file run16.cif (mmCIF, C-alpha atoms and all ligand atoms)
data_run
#
loop_
_atom_site.label_atom_id
_atom_site.label_comp_id
_atom_site.auth_asym_id
_atom_site.auth_seq_id
_atom_site.Cartn_x
_atom_site.Cartn_y
_atom_site.Cartn_z
CA MET Z 1 45.85 6.50 -22.47
CA ALA Z 2 44.16 3.32 -21.43
CA GLU Z 3 41.13 2.22 -23.39
CA ILE Z 4 38.00 2.54 -21.24
CA ILE Z 5 35.11 0.18 -22.01
CA ILE Z 6 31.84 0.77 -20.16
CA VAL Z 7 29.51 -2.22 -20.09
CA ASP Z 8 26.10 -2.89 -18.58
CA THR Z 9 26.90 -5.91 -16.46
CA PRO Z 10 29.89 -7.79 -15.00
CA ALA Z 11 28.93 -10.69 -17.29
CA ASP Z 12 29.37 -8.38 -20.31
CA ALA Z 13 32.82 -7.46 -19.01
CA GLY Z 14 33.59 -11.15 -18.54
CA ALA Z 15 32.69 -11.75 -22.17
CA VAL Z 16 34.96 -8.94 -23.44
CA ALA Z 17 37.94 -10.10 -21.40
CA GLY Z 18 37.15 -13.78 -22.02
CA ALA Z 19 37.11 -13.23 -25.78
CA ALA Z 20 40.51 -11.52 -25.64
CA ILE Z 21 41.97 -14.38 -23.62
CA ALA Z 22 40.50 -17.04 -25.92
CA LEU Z 23 41.96 -15.24 -28.96
CA LEU Z 24 45.33 -15.13 -27.26
CA VAL Z 25 45.19 -18.86 -26.48
CA ASP Z 26 44.21 -19.60 -30.10
CA ARG Z 27 47.22 -17.66 -31.32
CA ARG Z 28 49.55 -18.94 -28.66
CA PRO Z 29 48.65 -22.30 -27.09
CA ASP Z 30 51.29 -21.81 -24.37
CA ALA Z 31 50.11 -18.26 -23.57
CA VAL Z 32 51.10 -16.86 -20.19
CA LEU Z 33 48.11 -15.49 -18.29
CA GLY Z 34 48.30 -13.24 -15.26
CA VAL Z 35 45.40 -14.16 -13.01
CA ALA Z 36 43.81 -12.26 -10.14
CA THR Z 37 41.71 -13.35 -7.17
CA GLY Z 38 38.84 -11.64 -5.34
CA SER Z 39 35.32 -11.19 -6.68
CA THR Z 40 36.13 -9.08 -9.75
CA PRO Z 41 37.63 -11.66 -12.13
CA LEU Z 42 34.92 -14.27 -11.48
CA PRO Z 43 32.78 -13.26 -14.51
CA VAL Z 44 35.87 -13.68 -16.69
CA TYR Z 45 36.54 -17.16 -15.34
CA SER Z 46 32.93 -18.19 -15.80
CA ASP Z 47 32.94 -16.85 -19.38
CA LEU Z 48 36.17 -18.74 -20.06
CA ARG Z 49 34.72 -21.98 -18.72
CA GLU Z 50 32.33 -22.02 -21.65
CA ARG Z 51 34.53 -20.32 -24.19
CA LEU Z 52 37.52 -22.62 -23.66
CA ALA Z 53 35.50 -25.83 -23.26
CA GLY Z 54 36.73 -28.41 -25.72
CA ARG Z 55 39.91 -26.49 -26.54
CA ASP Z 56 43.35 -27.79 -25.68
CA VAL Z 57 44.57 -25.55 -22.85
CA SER Z 58 47.10 -28.03 -21.49
CA GLN Z 59 50.04 -25.79 -22.37
CA VAL Z 60 48.59 -22.53 -21.04
CA ARG Z 61 50.68 -21.10 -18.23
CA ALA Z 62 49.46 -18.78 -15.47
CA PHE Z 63 50.88 -16.64 -12.69
CA ALA Z 64 48.79 -15.26 -9.84
CA LEU Z 65 49.26 -11.68 -8.74
CA ASP Z 66 49.63 -12.27 -5.05
CA GLU Z 67 49.27 -14.51 -2.01
CA TYR Z 68 48.57 -13.87 1.64
CA VAL Z 69 51.39 -14.28 4.13
CA GLY Z 70 50.50 -15.94 7.40
CA ILE Z 71 47.88 -18.49 6.39
CA ALA Z 72 48.51 -22.08 5.35
CA ARG Z 73 48.68 -22.97 1.68
CA ASP Z 74 45.68 -25.30 2.09
CA HIS Z 75 43.56 -22.69 3.92
CA PRO Z 76 40.40 -22.29 1.81
CA GLU Z 77 41.09 -18.55 1.42
CA SER Z 78 44.76 -18.86 0.49
CA TYR Z 79 45.22 -17.72 -3.07
CA HIS Z 80 46.77 -21.12 -3.82
CA SER Z 81 43.41 -22.67 -2.92
CA ILE Z 82 41.36 -19.98 -4.65
CA ILE Z 83 43.31 -20.08 -7.92
CA ASP Z 84 43.11 -23.87 -7.94
CA ALA Z 85 39.35 -23.87 -7.32
CA GLN Z 86 38.38 -20.90 -9.51
CA VAL Z 87 40.91 -21.09 -12.35
CA THR Z 88 43.04 -24.22 -12.65
CA VAL Z 89 40.37 -26.87 -12.12
CA PRO Z 90 37.35 -25.28 -13.87
CA LEU Z 91 39.37 -24.15 -16.89
CA GLY Z 92 41.24 -27.46 -17.09
CA LEU Z 93 44.71 -25.90 -16.87
CA THR Z 94 47.74 -28.03 -16.10
CA ARG Z 95 48.46 -27.69 -12.35
CA GLY Z 96 52.24 -27.61 -12.72
CA LEU Z 97 51.97 -24.66 -15.11
CA VAL Z 98 49.99 -22.45 -12.71
CA GLN Z 99 52.08 -20.58 -10.17
CA VAL Z 100 51.14 -18.55 -7.10
CA PRO Z 101 53.69 -16.61 -4.99
CA ASN Z 102 54.92 -18.67 -2.04
CA GLY Z 103 53.56 -16.65 0.87
CA GLN Z 104 54.39 -19.54 3.17
CA ALA Z 105 58.13 -19.54 2.40
CA ASP Z 106 60.57 -19.26 5.31
CA ASP Z 107 62.55 -16.79 3.22
CA LEU Z 108 59.97 -14.50 1.64
CA GLU Z 109 62.55 -12.24 0.01
CA GLN Z 110 64.04 -15.23 -1.77
CA ALA Z 111 60.56 -16.46 -2.76
CA ALA Z 112 59.84 -13.01 -4.21
CA LEU Z 113 63.03 -13.03 -6.28
CA GLU Z 114 62.25 -16.53 -7.51
CA TYR Z 115 58.73 -15.51 -8.53
CA ASP Z 116 59.93 -12.60 -10.66
CA ALA Z 117 62.57 -14.90 -12.14
CA ALA Z 118 59.93 -17.53 -12.99
CA ILE Z 119 57.81 -14.92 -14.78
CA ARG Z 120 60.86 -13.78 -16.71
CA ALA Z 121 61.83 -17.38 -17.55
CA ALA Z 122 58.33 -17.94 -18.95
CA GLY Z 123 58.96 -15.04 -21.33
CA GLY Z 124 56.76 -12.60 -19.40
CA ILE Z 125 53.00 -12.39 -18.98
CA ASP Z 126 50.93 -11.94 -22.14
CA LEU Z 127 47.72 -10.69 -20.52
CA GLN Z 128 47.35 -9.64 -16.91
CA LEU Z 129 43.91 -9.47 -15.31
CA LEU Z 130 43.62 -6.87 -12.56
CA GLY Z 131 40.99 -5.88 -10.05
CA ILE Z 132 41.28 -2.63 -8.09
CA GLY Z 133 40.99 -2.10 -4.36
CA THR Z 134 38.77 0.63 -2.93
CA ASP Z 135 42.04 2.29 -1.84
CA GLY Z 136 43.39 2.19 -5.41
CA HIS Z 137 45.64 -0.85 -5.05
CA ILE Z 138 46.38 -3.29 -7.85
CA GLY Z 139 47.83 -6.61 -6.81
CA PHE Z 140 48.42 -5.83 -3.14
CA ASN Z 141 50.43 -2.73 -4.00
CA GLU Z 142 48.94 -0.49 -1.38
CA PRO Z 143 49.10 3.34 -1.49
CA GLY Z 144 52.71 4.50 -1.39
CA SER Z 145 54.01 1.60 -3.50
CA SER Z 146 56.80 2.47 -5.89
CA PHE Z 147 55.94 2.34 -9.57
CA ALA Z 148 59.24 0.47 -9.99
CA SER Z 149 58.51 -2.12 -7.28
CA ARG Z 150 59.13 -5.82 -7.81
CA THR Z 151 57.47 -8.80 -6.14
CA ARG Z 152 57.79 -8.33 -2.38
CA VAL Z 153 55.94 -8.38 0.93
CA LYS Z 154 53.46 -5.57 1.51
CA THR Z 155 51.44 -4.67 4.59
CA LEU Z 156 47.71 -4.60 3.84
CA THR Z 157 45.91 -1.40 4.77
CA PRO Z 158 43.10 -1.56 7.37
CA GLN Z 159 40.73 -0.67 4.48
CA THR Z 160 41.86 -3.68 2.41
CA ARG Z 161 41.60 -5.98 5.42
CA SER Z 162 38.10 -4.74 6.12
CA ASP Z 163 37.12 -5.09 2.42
CA ASN Z 164 38.39 -8.68 2.43
CA ALA Z 165 36.84 -9.60 5.79
CA ARG Z 166 33.83 -10.96 3.85
CA PHE Z 167 35.96 -13.97 2.89
CA PHE Z 168 36.89 -14.75 6.52
CA ALA Z 169 35.01 -15.36 9.76
CA SER Z 170 36.10 -11.93 11.03
CA VAL Z 171 38.41 -9.07 10.10
CA ASP Z 172 40.89 -10.31 12.70
CA GLU Z 173 41.47 -13.40 10.60
CA VAL Z 174 42.42 -11.43 7.48
CA PRO Z 175 46.20 -11.61 7.11
CA ARG Z 176 48.16 -8.39 7.58
CA HIS Z 177 50.71 -9.10 4.87
CA ALA Z 178 50.85 -10.40 1.33
CA LEU Z 179 53.51 -11.34 -1.20
CA THR Z 180 52.55 -9.42 -4.30
CA GLN Z 181 53.87 -8.76 -7.76
CA GLY Z 182 55.23 -5.22 -7.73
CA LEU Z 183 53.93 -2.42 -9.91
CA GLY Z 184 57.11 -2.70 -11.99
CA THR Z 185 56.47 -6.43 -12.37
CA ILE Z 186 52.85 -5.87 -13.40
CA LEU Z 187 53.87 -3.17 -15.91
CA GLU Z 188 56.02 -5.73 -17.74
CA ALA Z 189 52.97 -7.76 -18.78
CA ARG Z 190 52.22 -7.15 -22.46
CA HIS Z 191 48.53 -6.31 -21.97
CA LEU Z 192 46.81 -5.15 -18.78
CA VAL Z 193 43.07 -5.70 -18.39
CA LEU Z 194 41.71 -3.94 -15.33
CA LEU Z 195 38.12 -4.66 -14.33
CA ALA Z 196 35.90 -2.98 -11.75
CA PHE Z 197 32.25 -3.34 -10.85
CA GLY Z 198 29.88 -1.57 -8.50
CA GLU Z 199 29.53 1.78 -6.81
CA SER Z 200 32.12 0.92 -4.17
CA LYS Z 201 34.83 1.03 -6.86
CA ALA Z 202 33.69 4.27 -8.51
CA GLU Z 203 36.02 6.61 -6.64
CA ALA Z 204 39.07 4.37 -7.08
CA VAL Z 205 38.32 4.00 -10.80
CA ALA Z 206 37.95 7.76 -11.28
CA ARG Z 207 41.20 8.43 -9.41
CA ALA Z 208 43.02 5.70 -11.36
CA VAL Z 209 41.75 6.71 -14.79
CA GLU Z 210 41.36 10.49 -14.56
CA GLY Z 211 43.32 11.60 -11.51
CA PRO Z 212 46.94 12.70 -11.44
CA MET Z 213 49.55 9.95 -11.36
CA SER Z 214 50.53 9.35 -7.79
CA ALA Z 215 52.01 6.63 -5.64
CA ARG Z 216 49.02 7.30 -3.37
CA VAL Z 217 46.86 5.69 -6.05
CA PRO Z 218 48.90 2.70 -7.20
CA ALA Z 219 46.50 1.91 -10.05
CA THR Z 220 47.56 5.17 -11.75
CA ALA Z 221 50.60 3.12 -12.81
CA ILE Z 222 48.44 1.89 -15.70
CA HIS Z 223 49.23 5.17 -17.47
CA LEU Z 224 52.83 4.03 -17.84
CA HIS Z 225 51.66 1.02 -19.84
CA PRO Z 226 51.26 1.19 -23.62
CA HIS Z 227 48.41 -1.33 -23.76
CA CYS Z 228 45.90 -1.19 -20.94
CA THR Z 229 42.18 -1.89 -21.19
CA VAL Z 230 39.86 -0.82 -18.36
CA ILE Z 231 36.47 -2.54 -18.36
CA VAL Z 232 33.89 -1.17 -15.92
CA ASP Z 233 30.18 -1.41 -15.38
CA ARG Z 234 28.09 1.78 -15.18
CA ALA Z 235 28.18 1.90 -11.38
CA ALA Z 236 31.99 1.70 -11.30
CA ALA Z 237 32.12 4.32 -14.08
CA SER Z 238 29.76 6.68 -12.26
CA GLN Z 239 32.45 9.11 -11.04
CA LEU Z 240 34.29 9.33 -14.37
CA VAL Z 241 33.99 12.71 -16.07
CA ASP Z 242 34.73 11.82 -19.69
CA THR Z 243 32.39 8.84 -20.15
CA ALA Z 244 30.81 10.24 -23.32
CA PHE Z 245 34.25 10.45 -24.91
CA TYR Z 246 35.19 6.90 -23.87
CA GLU Z 247 31.94 5.59 -25.33
CA TYR Z 248 32.49 7.55 -28.55
CA VAL Z 249 36.02 6.17 -28.94
CA PHE Z 250 34.86 2.61 -28.29
CA ALA Z 251 31.89 2.91 -30.68
CA ASN Z 252 34.23 4.18 -33.41
CA LYS Z 253 36.97 1.66 -32.86
CA PRO Z 254 38.26 0.14 -36.10
CA ALA Z 255 36.58 -3.26 -36.52
CA TRP Z 256 39.90 -5.05 -36.98
CA GLN Z 257 41.24 -3.89 -33.64
CA GLY Z 258 40.72 -6.19 -30.68
CA ILE Z 259 40.91 -4.87 -27.13
C1 LIG F 301 43.60 -9.98 -6.11
C2 LIG F 301 44.21 -8.66 -6.01
C3 LIG F 301 43.48 -7.45 -5.53
C4 LIG F 301 42.00 -7.44 -5.90
C5 LIG F 301 41.34 -6.19 -5.31
C6 LIG F 301 39.86 -6.16 -5.63
O1 LIG F 301 44.51 -10.92 -6.59
O2 LIG F 301 45.34 -8.56 -6.32
O3 LIG F 301 44.09 -6.30 -6.08
O4 LIG F 301 41.87 -7.46 -7.28
O5 LIG F 301 41.52 -6.17 -3.95
O6 LIG F 301 39.23 -7.21 -4.98
P1 LIG F 301 37.73 -7.63 -5.34
O7 LIG F 301 37.78 -8.08 -6.73
O8 LIG F 301 37.40 -8.76 -4.41
O9 LIG F 301 36.92 -6.42 -5.15
#
call {"tool": "encode", "arguments": {"input": "run16.cif", "output": "structure tokens"}}
result
Amino acid sequence: MAEIIIVDTPADAGAVAGAAIALLVDRRPDAVLGVATGSTPLPVYSDLRERLAGRDVSQVRAFALDEYVGIARDHPESYHSIIDAQVTVPLGLTRGLVQVPNGQADDLEQAALEYDAAIRAAGGIDLQLLGIGTDGHIGFNEPGSSFASRTRVKTLTPQTRSDNARFFASVDEVPRHALTQGLGTILEARHLVLLAFGESKAEAVARAVEGPMSARVPATAIHLHPHCTVIVDRAAASQLVDTAFYEYVFANKPAWQGI
């Protein structure tokens, strides 16, 4: 099963994930990172700003999980803009090596195929950061998504649009569609690191980690992955049943094993 790490604060989670990413970059200067948007990965990016400062990250490659369809690439809330402002620029990555799905393409099906092909051509993603939606989505794989799905257009649920309305002037401005890596695409990354913070994620985390596998909870796809780390704060862990066991396992983890 996935390793569950319960931490006190999002900053602690950022440090755990940031350390794993820095180790990866040390071992592999042209590492391929899978990056997410939204609020959840921000503590990881701020940890990495300090941790990677002074290191040569010019060869690091990155692929974003998803992009809205229906807003311009230079819209401040497009994931092109967000990844540039929150990841590429602050971490000092090389712009041409950071890719985001082309949600503005005339032919979205072709853009989706090309995105999966680009990930494959890069040798696959070494470490994929994931947030989780309150409806259990990862990427924008909304409930009902096939565990075998590839990058494609998905319709955002009303719940996701309302959750993301905080980034826009009103819910009406939140796009209805996104081009997202599929669950099958995500499962090909070599290490998944799923983060969640706050009470509002507690139910989704419990369903993802301890509920039955179901397309209704896309994040349950993590159980098909041989190396998945779930890092949650106490509020997001509050509906988990087996927390004592997860804490015991983590406390007794062999010192030589990273996450
Ligand atoms: C973002 C993404 C989404 C978010 C999820 C949680 O690239 O793919 O799955 O991770 O919607 O969003 P936040 O972190 O804003 O709660």
call {"tool": "residues_near_ligand", "arguments": {"input": "run16.cif", "ligand": "ligand LIG 301 (chain F)", "cutoff": "6 Å", "atoms": "all atoms listed in the file", "output": "PyMOL selection string"}}
result
chain Z and resi 36-40+65-66+130-133+137-140
call {"tool": "closest_residue", "arguments": {"input": "run16.cif", "among": "Z:Gln99, Z:Thr180, Z:Thr157, Z:Thr94", "to": "Ser81 of chain Z", "atoms": "all atoms listed in the file"}}
result
Z:Gln99
call {"tool": "closest_residue", "arguments": {"input": "run16.cif", "among": "Z:Leu23, Z:Ala204, Z:Val193, Z:Val174", "to": "Ala235 of chain Z", "atoms": "all atoms listed in the file"}}
result
Z:Ala204
call {"tool": "closest_residue", "arguments": {"input": "run16.cif", "among": "Z:Phe245, Z:Phe167, Z:Phe197, Z:Phe250", "to": "Asp8 of chain Z", "atoms": "only C-alpha atoms"}}
result
Z:Phe197
call {"tool": "residues_around", "arguments": {"input": "run16.cif", "residues": "Ala215 of chain Z", "least_positions_apart": "6", "cutoff": "8 Å", "atoms": "only C-alpha atoms", "output": "PyMOL selection string"}}
result
chain Z and resi 143-147
call {"tool": "axis_aligned_box", "arguments": {"input": "run16.cif", "around": "segment 163-182 of chain Z", "padding_each_side": "4 Å", "output": "AutoDock Vina command-line options"}}
result
--center_x 44.5 --center_y -10.2 --center_z 2.5 --size_x 29.4 --size_y 18.3 --size_z 28.5
call {"tool": "residues_around", "arguments": {"input": "run16.cif", "residues": "Ile259 of chain Z", "least_positions_apart": "6", "cutoff": "12 Å", "atoms": "all atoms listed in the file", "output": "PyMOL selection string"}}
result
chain Z and resi 2-5+13+15-21+23-24+127+191-194+227-231+250+253
call {"tool": "residues_around", "arguments": {"input": "run16.cif", "residues": "Val98 of chain Z", "least_positions_apart": "5", "cutoff": "8 Å", "atoms": "all atoms listed in the file", "output": "list of chain:residue names"}}
result
Z:Arg61, Z:Ala62, Z:Phe63, Z:Ala64, Z:Thr88, Z:Leu93
call {"tool": "closest_residue", "arguments": {"input": "run16.cif", "among": "Z:Lys201, Z:Val35, Z:Ala122, Z:Gly136", "to": "Tyr79 of chain Z", "atoms": "all atoms listed in the file"}}
result
Z:Val35
call {"tool": "atom_distance", "arguments": {"input": "run16.cif", "atom1": "atom CA of Pro41 of chain Z", "atom2": "atom CA of Ala85 of chain Z"}}
result
13.2 Å
call {"tool": "closest_residue", "arguments": {"input": "run16.cif", "among": "Z:Asp126, Z:Asp47, Z:Glu109, Z:Glu247", "to": "Val32 of chain Z", "atoms": "only C-alpha atoms"}}
result
Z:Asp126
call {"tool": "closest_residue", "arguments": {"input": "run16.cif", "among": "Z:Val60, Z:Leu129, Z:Ile83, Z:Ala148", "to": "Leu97 of chain Z", "atoms": "only C-alpha atoms"}}
result
Z:Val60
call {"tool": "residues_around", "arguments": {"input": "run16.cif", "residues": "Tyr45 of chain Z", "least_positions_apart": "3", "cutoff": "8 Å", "atoms": "only C-alpha atoms", "output": "number ranges by chain"}}
result
Z: 14, 18, 41-42, 48-49, 86-87, 91
call {"tool": "atom_distance", "arguments": {"input": "run16.cif", "atom1": "atom CA of His177 of chain Z", "atom2": "atom CA of Gly34 of chain Z"}}
result
20.7 Å
call {"tool": "atom_distance", "arguments": {"input": "run16.cif", "atom1": "atom CA of Gln239 of chain Z", "atom2": "atom CA of Ser162 of chain Z"}}
result
22.8 Å
call {"tool": "residues_around", "arguments": {"input": "run16.cif", "residues": "Ala117 of chain Z", "least_positions_apart": "2", "cutoff": "12 Å", "atoms": "only C-alpha atoms", "output": "MDAnalysis selection string"}}
result
chainID Z and resid 63 101 110:115 119:124 150:151 181 185
call {"tool": "write_last_selection", "arguments": {"input": "run16.cif", "atoms": "C-alpha atoms", "output": "short mmCIF file (atom, residue, chain, number, x, y, z; two decimals), keeping the file's coordinate frame"}}
result
data_model
loop_
_atom_site.label_atom_id
_atom_site.label_comp_id
_atom_site.auth_asym_id
_atom_site.auth_seq_id
_atom_site.Cartn_x
_atom_site.Cartn_y
_atom_site.Cartn_z
CA PHE Z 63 50.88 -16.64 -12.69
CA PRO Z 101 53.69 -16.61 -4.99
CA GLN Z 110 64.04 -15.23 -1.77
CA ALA Z 111 60.56 -16.46 -2.76
CA ALA Z 112 59.84 -13.01 -4.21
CA LEU Z 113 63.03 -13.03 -6.28
CA GLU Z 114 62.25 -16.53 -7.51
CA TYR Z 115 58.73 -15.51 -8.53
CA ILE Z 119 57.81 -14.92 -14.78
CA ARG Z 120 60.86 -13.78 -16.71
CA ALA Z 121 61.83 -17.38 -17.55
CA ALA Z 122 58.33 -17.94 -18.95
CA GLY Z 123 58.96 -15.04 -21.33
CA GLY Z 124 56.76 -12.60 -19.40
CA ARG Z 150 59.13 -5.82 -7.81
CA THR Z 151 57.47 -8.80 -6.14
CA GLN Z 181 53.87 -8.76 -7.76
CA THR Z 185 56.47 -6.43 -12.37
#
call {"tool": "build_atoms", "arguments": {"input": "run16.cif", "residues": "segment 218-228 of chain Z", "atoms": "all heavy atoms", "output": "short mmCIF file (atom, residue, chain, number, x, y, z; two decimals), in the frame of the given file"}}
result
data_model
loop_
_atom_site.label_atom_id
_atom_site.label_comp_id
_atom_site.auth_asym_id
_atom_site.auth_seq_id
_atom_site.Cartn_x
_atom_site.Cartn_y
_atom_site.Cartn_z
N PRO Z 218 48.01 3.59 -6.43
CA PRO Z 218 48.90 2.70 -7.20
C PRO Z 218 48.37 2.35 -8.59
O PRO Z 218 49.16 2.18 -9.53
CB PRO Z 218 49.01 1.47 -6.30
CG PRO Z 218 48.76 2.00 -4.92
CD PRO Z 218 47.75 3.09 -5.08
N ALA Z 219 47.05 2.28 -8.74
CA ALA Z 219 46.50 1.91 -10.05
C ALA Z 219 46.77 2.97 -11.11
O ALA Z 219 46.62 2.69 -12.31
CB ALA Z 219 45.00 1.66 -9.94
N THR Z 220 47.21 4.18 -10.71
CA THR Z 220 47.56 5.17 -11.75
C THR Z 220 48.79 4.71 -12.53
O THR Z 220 49.09 5.28 -13.58
CB THR Z 220 47.79 6.59 -11.17
OG1 THR Z 220 48.81 6.55 -10.18
CG2 THR Z 220 46.52 7.16 -10.57
N ALA Z 221 49.47 3.69 -12.05
CA ALA Z 221 50.60 3.12 -12.81
C ALA Z 221 50.17 2.63 -14.19
O ALA Z 221 51.01 2.53 -15.10
CB ALA Z 221 51.24 1.97 -12.02
N ILE Z 222 48.88 2.37 -14.38
CA ILE Z 222 48.44 1.89 -15.70
C ILE Z 222 48.79 2.89 -16.81
O ILE Z 222 48.92 2.51 -17.96
CB ILE Z 222 46.91 1.58 -15.76
CG1 ILE Z 222 46.07 2.83 -15.47
CG2 ILE Z 222 46.56 0.42 -14.83
CD1 ILE Z 222 44.56 2.64 -15.69
N HIS Z 223 48.94 4.17 -16.43
CA HIS Z 223 49.23 5.17 -17.47
C HIS Z 223 50.65 5.05 -18.01
O HIS Z 223 50.99 5.68 -19.01
CB HIS Z 223 48.97 6.58 -16.93
CG HIS Z 223 47.53 6.76 -16.58
ND1 HIS Z 223 46.52 6.75 -17.52
CD2 HIS Z 223 46.92 6.88 -15.38
CE1 HIS Z 223 45.35 6.88 -16.91
NE2 HIS Z 223 45.57 6.96 -15.62
N LEU Z 224 51.47 4.26 -17.33
CA LEU Z 224 52.83 4.03 -17.84
C LEU Z 224 52.85 2.87 -18.82
O LEU Z 224 53.90 2.54 -19.37
CB LEU Z 224 53.78 3.72 -16.66
CG LEU Z 224 54.00 4.87 -15.68
CD1 LEU Z 224 54.78 4.39 -14.47
CD2 LEU Z 224 54.75 6.00 -16.39
N HIS Z 225 51.69 2.23 -19.00
CA HIS Z 225 51.66 1.02 -19.84
C HIS Z 225 51.09 1.34 -21.22
O HIS Z 225 50.06 2.01 -21.33
CB HIS Z 225 50.80 -0.06 -19.15
CG HIS Z 225 51.05 -1.42 -19.71
ND1 HIS Z 225 50.54 -1.83 -20.92
CD2 HIS Z 225 51.81 -2.44 -19.25
CE1 HIS Z 225 50.96 -3.06 -21.16
NE2 HIS Z 225 51.73 -3.46 -20.17
N PRO Z 226 51.74 0.85 -22.28
CA PRO Z 226 51.26 1.19 -23.62
C PRO Z 226 49.99 0.47 -24.04
O PRO Z 226 49.36 0.87 -25.02
CB PRO Z 226 52.44 0.77 -24.52
CG PRO Z 226 53.21 -0.24 -23.73
CD PRO Z 226 53.01 0.09 -22.28
N HIS Z 227 49.61 -0.59 -23.35
CA HIS Z 227 48.41 -1.33 -23.76
C HIS Z 227 47.61 -1.76 -22.53
O HIS Z 227 47.83 -2.85 -21.98
CB HIS Z 227 48.82 -2.56 -24.60
CG HIS Z 227 47.65 -3.27 -25.21
ND1 HIS Z 227 47.76 -4.50 -25.83
CD2 HIS Z 227 46.34 -2.94 -25.29
CE1 HIS Z 227 46.57 -4.88 -26.26
NE2 HIS Z 227 45.69 -3.96 -25.94
N CYS Z 228 46.72 -0.89 -22.12
CA CYS Z 228 45.90 -1.19 -20.94
C CYS Z 228 44.44 -0.99 -21.29
O CYS Z 228 44.06 0.03 -21.88
CB CYS Z 228 46.29 -0.29 -19.78
SG CYS Z 228 45.20 -0.50 -18.35
#
